[in-house]
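Participant: You'll find coords-v3.txt just under this line, and it carries compact mmCIF, C-alpha atoms and all ligand atoms.
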# COMPACT_ATOMS: atom_id res chain seq x y z
CA MET A 19 -11.59 -8.41 -10.80
CA VAL A 20 -10.11 -8.97 -14.18
CA SER A 21 -9.67 -12.55 -15.35
CA ASN A 22 -6.38 -14.38 -14.99
CA GLU A 23 -5.90 -14.25 -18.75
CA VAL A 24 -6.35 -10.51 -18.90
CA ASN A 25 -4.10 -10.04 -15.90
CA GLN A 26 -1.39 -12.21 -17.44
CA TYR A 27 -1.73 -10.34 -20.70
CA ILE A 28 -1.18 -7.00 -18.96
CA GLU A 29 1.77 -8.38 -16.99
CA LYS A 30 3.34 -9.66 -20.17
CA ILE A 31 3.52 -6.21 -21.74
CA ILE A 32 4.61 -4.29 -18.65
CA PRO A 33 8.16 -3.12 -19.39
CA ALA A 34 10.95 -5.07 -17.73
CA ARG A 35 12.26 -3.74 -14.45
CA SER A 36 15.95 -3.34 -13.66
CA GLU A 37 17.92 -6.34 -12.44
CA GLN A 38 18.00 -4.82 -8.99
CA VAL A 39 14.20 -4.44 -8.84
CA LEU A 40 13.71 -7.93 -10.24
CA LYS A 41 15.88 -9.29 -7.45
CA ILE A 42 13.46 -7.95 -4.83
CA GLU A 43 10.48 -9.38 -6.75
CA GLN A 44 12.20 -12.77 -6.86
CA TYR A 45 13.06 -12.66 -3.16
CA ALA A 46 9.44 -11.84 -2.33
CA LYS A 47 8.18 -14.74 -4.41
CA LEU A 48 10.65 -17.17 -2.91
CA HIS A 49 9.91 -16.13 0.68
CA ASN A 50 6.17 -15.51 0.34
CA VAL A 51 6.36 -11.80 1.06
CA PRO A 52 3.07 -10.27 -0.13
CA ILE A 53 4.41 -7.36 -2.19
CA MET A 54 2.05 -5.62 -4.59
CA GLU A 55 0.99 -7.47 -7.66
CA LEU A 56 2.59 -6.10 -10.79
CA THR A 57 -0.58 -4.62 -12.34
CA GLY A 58 -1.51 -3.00 -9.04
CA MET A 59 2.00 -1.67 -8.64
CA GLU A 60 1.99 -0.04 -12.07
CA THR A 61 -1.41 1.51 -11.37
CA LEU A 62 -0.21 2.92 -8.06
CA LEU A 63 2.83 4.37 -9.82
CA SER A 64 0.58 6.12 -12.35
CA TYR A 65 -1.10 7.98 -9.49
CA VAL A 66 2.25 8.84 -7.94
CA ARG A 67 3.48 10.20 -11.27
CA LEU A 68 0.33 12.27 -11.72
CA LYS A 69 0.30 13.62 -8.19
CA LYS A 70 4.07 14.15 -7.82
CA PRO A 71 3.76 14.08 -4.04
CA LYS A 72 6.38 15.77 -1.90
CA ARG A 73 5.79 13.38 0.96
CA ILE A 74 4.27 9.92 0.97
CA LEU A 75 3.21 7.89 3.99
CA GLU A 76 3.16 4.14 3.45
CA VAL A 77 1.56 1.80 5.99
CA GLY A 78 3.09 -1.65 5.37
CA THR A 79 6.68 -1.59 4.04
CA ALA A 80 7.28 -5.34 3.90
CA ILE A 81 10.76 -5.48 2.29
CA GLY A 82 10.62 -2.03 0.74
CA TYR A 83 9.50 -2.99 -2.76
CA SER A 84 6.65 -0.51 -3.22
CA ALA A 85 8.50 2.25 -1.35
CA ILE A 86 11.52 1.86 -3.64
CA ARG A 87 9.37 1.75 -6.77
CA MET A 88 7.52 4.91 -5.73
CA ALA A 89 10.81 6.66 -4.98
CA LEU A 90 12.18 5.68 -8.39
CA ALA A 91 8.96 6.82 -10.12
CA CYS A 92 9.00 10.23 -8.49
CA GLN A 93 12.48 11.62 -7.92
CA THR A 94 11.24 14.45 -5.71
CA ALA A 95 9.18 12.32 -3.33
CA GLU A 96 10.16 11.57 0.24
CA ILE A 97 8.64 8.44 1.72
CA ILE A 98 7.95 7.52 5.33
CA SER A 99 7.07 3.84 5.62
CA ILE A 100 5.96 1.74 8.59
CA GLU A 101 6.62 -1.97 9.19
CA ARG A 102 6.03 -4.00 12.35
CA ASP A 103 7.81 -7.20 11.35
CA GLU A 104 11.44 -6.87 12.41
CA GLU A 105 12.91 -9.25 9.87
CA ARG A 106 11.10 -7.54 6.99
CA TYR A 107 12.03 -4.13 8.33
CA ASN A 108 15.71 -5.13 8.35
CA ILE A 109 15.58 -6.48 4.82
CA ALA A 110 13.78 -3.33 3.71
CA LYS A 111 16.62 -1.27 5.20
CA GLU A 112 19.20 -3.27 3.23
CA ASN A 113 17.19 -2.93 0.04
CA VAL A 114 16.73 0.81 0.46
CA GLU A 115 20.46 1.22 1.08
CA SER A 116 21.36 -0.86 -1.96
CA PHE A 117 19.42 1.69 -4.05
CA HIS A 118 21.08 4.57 -2.16
CA LEU A 119 17.62 5.82 -1.32
CA GLU A 120 18.07 6.14 2.44
CA ASN A 121 17.96 9.93 2.14
CA ARG A 122 14.46 9.80 0.62
CA ILE A 123 12.97 6.72 2.27
CA THR A 124 12.60 6.74 6.06
CA LEU A 125 11.65 3.39 7.54
CA LEU A 126 9.86 3.29 10.87
CA PHE A 127 9.82 0.05 12.82
CA GLY A 128 6.68 -0.60 14.83
CA ASP A 129 2.94 -1.04 14.81
CA ALA A 130 1.14 1.58 12.74
CA ASN A 131 -1.47 1.74 15.51
CA GLU A 132 1.16 3.15 17.86
CA LEU A 133 3.36 5.38 15.75
CA GLN A 134 1.15 8.45 15.27
CA LYS A 135 3.57 10.72 17.17
CA GLN A 136 6.58 9.82 15.04
CA VAL A 137 4.60 9.89 11.83
CA GLU A 138 3.23 13.32 12.74
CA ASN A 139 6.82 14.67 12.79
CA TYR A 140 6.96 14.38 9.02
CA ALA A 141 3.39 15.52 8.27
CA PRO A 142 1.62 16.71 6.20
CA TYR A 143 1.52 14.02 3.55
CA ASP A 144 0.07 14.59 0.13
CA PHE A 145 -0.14 10.87 -0.59
CA ILE A 146 -0.94 8.01 1.78
CA PHE A 147 -0.67 4.40 0.72
CA ILE A 148 -2.34 1.87 3.02
CA ASP A 149 -1.17 -1.70 2.45
CA ALA A 150 -1.02 -3.50 5.82
CA ALA A 151 -3.35 -5.70 7.92
CA LYS A 152 -6.67 -5.63 6.08
CA GLY A 153 -8.77 -5.87 9.25
CA GLN A 154 -7.29 -2.61 10.54
CA TYR A 155 -7.84 -0.26 7.63
CA GLN A 156 -10.40 1.78 9.54
CA ASN A 157 -7.86 2.28 12.35
CA PHE A 158 -5.11 3.33 9.96
CA PHE A 159 -7.48 5.74 8.27
CA ASP A 160 -8.52 7.18 11.63
CA HIS A 161 -4.90 7.60 12.79
CA TYR A 162 -3.48 9.16 9.66
CA SER A 163 -6.10 10.80 7.45
CA SER A 164 -5.84 13.99 9.53
CA MET A 165 -2.20 14.21 8.37
CA LEU A 166 -3.25 14.32 4.71
CA SER A 167 -2.97 17.67 2.99
CA PRO A 168 -6.02 19.20 1.30
CA ASP A 169 -6.40 17.63 -2.17
CA GLY A 170 -4.12 14.80 -1.02
CA ILE A 171 -4.72 11.23 -2.16
CA ILE A 172 -5.17 8.05 -0.16
CA VAL A 173 -4.70 4.76 -2.00
CA THR A 174 -5.80 1.64 -0.14
CA ASP A 175 -4.78 -1.78 -1.44
CA ASN A 176 -6.58 -5.13 -1.20
CA VAL A 177 -10.07 -3.62 -0.83
CA LEU A 178 -11.66 -6.38 -2.93
CA PHE A 179 -9.83 -9.17 -1.04
CA ARG A 180 -9.77 -11.78 -3.82
CA GLY A 181 -13.37 -10.92 -4.65
CA TYR A 182 -14.64 -12.19 -1.27
CA VAL A 183 -16.24 -8.81 -0.52
CA ALA A 184 -18.75 -9.48 -3.30
CA GLU A 185 -19.72 -12.97 -2.14
CA GLU A 186 -23.13 -13.29 -0.52
CA SER A 187 -22.43 -16.61 1.12
CA GLY A 188 -19.98 -19.48 1.05
CA LEU A 189 -17.22 -17.86 3.08
CA GLU A 190 -16.00 -20.79 5.10
CA SER A 191 -14.36 -19.72 8.26
CA ARG A 192 -15.66 -17.30 10.82
CA ARG A 193 -12.34 -15.45 10.69
CA LEU A 194 -12.71 -14.90 6.95
CA ARG A 195 -16.29 -13.68 7.35
CA SER A 196 -15.26 -11.25 10.04
CA LEU A 197 -12.38 -9.91 7.92
CA VAL A 198 -14.64 -9.49 4.90
CA LYS A 199 -17.18 -7.66 7.05
CA LYS A 200 -14.50 -5.20 8.16
CA ILE A 201 -13.30 -4.54 4.62
CA ARG A 202 -16.86 -4.01 3.36
CA SER A 203 -17.61 -1.63 6.16
CA PHE A 204 -14.40 0.30 5.47
CA ASN A 205 -15.17 0.46 1.74
CA GLU A 206 -18.69 1.77 2.36
CA TYR A 207 -17.42 4.30 4.90
CA ILE A 208 -14.86 5.73 2.49
CA MET A 209 -17.13 5.70 -0.55
CA GLN A 210 -19.72 7.73 1.41
CA HIS A 211 -17.21 9.99 3.15
CA PRO A 212 -18.13 13.64 2.53
CA ASP A 213 -14.47 14.77 2.45
CA TYR A 214 -13.32 12.36 -0.27
CA GLN A 215 -14.17 11.40 -3.82
CA SER A 216 -13.35 7.72 -4.13
CA SER A 217 -13.33 5.00 -6.73
CA ILE A 218 -12.47 1.31 -6.59
CA LEU A 219 -10.22 -0.12 -9.27
CA PRO A 220 -10.46 -3.88 -9.85
CA VAL A 221 -6.72 -4.24 -10.46
CA GLY A 222 -4.49 -6.51 -8.42
CA ASP A 223 -6.39 -7.28 -5.24
CA GLY A 224 -8.58 -4.20 -5.64
CA MET A 225 -7.43 -0.67 -5.02
CA MET A 226 -9.36 2.27 -3.61
CA VAL A 227 -8.33 5.73 -4.74
CA SER A 228 -9.65 8.52 -2.52
CA ILE A 229 -9.06 12.14 -3.38
CA ARG A 230 -9.60 14.61 -0.58
CA ASN A 231 -11.74 17.63 -1.33
CA SER A 232 -9.57 20.74 -1.23
N1 LIG B 301 3.64 -2.39 0.45
C1 LIG B 301 4.47 -3.58 0.37
C2 LIG B 301 3.75 -4.82 0.82
C3 LIG B 301 3.24 -4.75 2.23
S1 LIG B 301 2.66 -6.31 2.81
C4 LIG B 301 4.91 -3.77 -1.08
O1 LIG B 301 4.04 -3.81 -1.95
O2 LIG B 301 6.10 -3.89 -1.33
C5 LIG B 301 1.93 -5.82 4.30
C6 LIG B 301 2.93 -5.54 5.44
O3 LIG B 301 2.25 -4.82 6.45
C7 LIG B 301 3.46 -6.81 6.09
O4 LIG B 301 4.86 -6.86 5.96
C8 LIG B 301 3.04 -6.69 7.55
O5 LIG B 301 4.04 -7.11 8.47
C9 LIG B 301 2.80 -5.19 7.69
N2 LIG B 301 1.82 -4.81 8.71
C10 LIG B 301 0.60 -5.39 8.92
N3 LIG B 301 -0.04 -4.76 9.91
C11 LIG B 301 0.78 -3.77 10.36
C12 LIG B 301 0.69 -2.80 11.38
N4 LIG B 301 -0.38 -2.71 12.17
N5 LIG B 301 1.72 -1.93 11.54
C13 LIG B 301 2.82 -2.02 10.76
N6 LIG B 301 2.96 -2.93 9.78
C14 LIG B 301 1.97 -3.80 9.58
MG MG B 302 -1.35 -5.32 -0.77
Can you turn what I pasted into structure tokens?
Ligand code: SAH
Ligand code: MG
Facilitator:
Amino acid sequence: MVSNEVNQYIEKIIPARSEQVLKIEQYAKLHNVPIMELTGMETLLSYVRLKKPKRILEVGTAIGYSAIRMALACQTAEIISIERDEERYNIAKENVESFHLENRITLLFGDANELQKQVENYAPYDFIFIDAAKGQYQNFFDHYSSMLSPDGIIVTDNVLFRGYVAEESGLESRRLRSLVKKIRSFNEYIMQHPDYQSSILPVGDGMMVSIRNS
């Protein structure tokens, strides 16, 4: 991971967002909604701009911040995004409507482990962004990677989990150790996967970029 100083430096020179976007960032901060860190967000947007996906699947909407930012960064993209927390889903709906993006962002309410049928209706996806419960990444990958188009991209957030994945010992709770084990195993699985070329970027909380062989 980059140091705090470096991270702050990068954040300082990232161009200002619109008032409307800032409002969502402030809401998230105030209510402890774990939206993407700014440096991670900008990096994700670079990939979206390069790829210009027609259809994006997002696992983990929260209040719609990353979905809205991706939609603004790529005017031709349609986004399907899944959220299981009802309150967040409702706020996401309001936010999407306030940007008049409801024609390009479809929000699905429910557990991503149970929505394969609905998500399939909009497939294929040329970009999948996984940003939900870290312990379930393998499940999400198993449910949705078959809906990725050839040469599609999967970006997975939080794969370095505050650097814990690199720690040999000292992880206090059993729950933390078990979570770290799952993330490591997912990371190794993807890095070795014959159908993808992957790299891990130490921005934000760690981001895996996997490009499917065409
Ligand atoms: N991508 C968002 C942040 C998502 S935070 C942004 O950057 O703006 C992760 C979200 O995933 C949380 O709101 C959580 O409720 C949701 N989530 C976790 N596990 C999930 C699951 N199995 N199905 C659907 N949503 C899930
Ligand atoms: Mg995240």
Participant: Which of these, A:Leu126, A:Arg180, A:Leu75, A:Lys199, has the shortest distance to Tyr162 (chain A) once you count only C-alpha atoms?
Facilitator: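 Looking at the shortest contact to Tyr162 (chain A), the residue is A:Leu75.
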Participant: For ligand MG 302 (chain B), list the contacting residues at 9 Å or closer, counting only C-alpha atoms and all ligand atoms, as a CSV table (one decimal) with C-alpha atoms, in the frame of the given file.
Facilitator:
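Final output, saved to part.csv:
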chain,number,residue,atom,x,y,z
A,52,PRO,CA,3.1,-10.3,-0.1
A,53,ILE,CA,4.4,-7.4,-2.2
A,54,MET,CA,2.0,-5.6,-4.6
A,55,GLU,CA,1.0,-7.5,-7.7
A,58,GLY,CA,-1.5,-3.0,-9.0
A,78,GLY,CA,3.1,-1.6,5.4
A,148,ILE,CA,-2.3,1.9,3.0
A,149,ASP,CA,-1.2,-1.7,2.4
A,150,ALA,CA,-1.0,-3.5,5.8
A,151,ALA,CA,-3.4,-5.7,7.9
A,152,LYS,CA,-6.7,-5.6,6.1
A,174,THR,CA,-5.8,1.6,-0.1
A,175,ASP,CA,-4.8,-1.8,-1.4
A,176,ASN,CA,-6.6,-5.1,-1.2
A,177,VAL,CA,-10.1,-3.6,-0.8
A,222,GLY,CA,-4.5,-6.5,-8.4
A,223,ASP,CA,-6.4,-7.3,-5.2
A,224,GLY,CA,-8.6,-4.2,-5.6
A,225,MET,CA,-7.4,-0.7,-5.0
Participant: With all atoms listed in the file as the basis for distance, which of A:His161, A:Lys70, A:Arg122, A:Arg35 is at the shortest distance from ligand LIG 301 (chain B)?
Facilitator: A:His161
Participant: Calculated over all atoms listed in the file, which of the candidates A:Asn108, A:Glu206, A:Pro168, A:Met226 has the smallest distance to Phe127 (chain A)?
Facilitator: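 Going through A:Asn108, A:Glu206, A:Pro168, A:Met226 one by one, the smallest distance to Phe127 (chain A) is for A:Asn108.
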Participant: Ligand LIG 301 (chain B): which residues are within 7 Å, counting all atoms listed in the file? Reply as an MDAnalysis selection string.
Facilitator: chainID A and resid 51:54 77:85 100:103 106 128:131 149:151
Participant: A:Ser21, A:Arg202, A:Ser228, A:Ile74: which is nearest Leu178 (chain A), counting only C-alpha atoms?
Facilitator: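 Closest candidate: A:Arg202.
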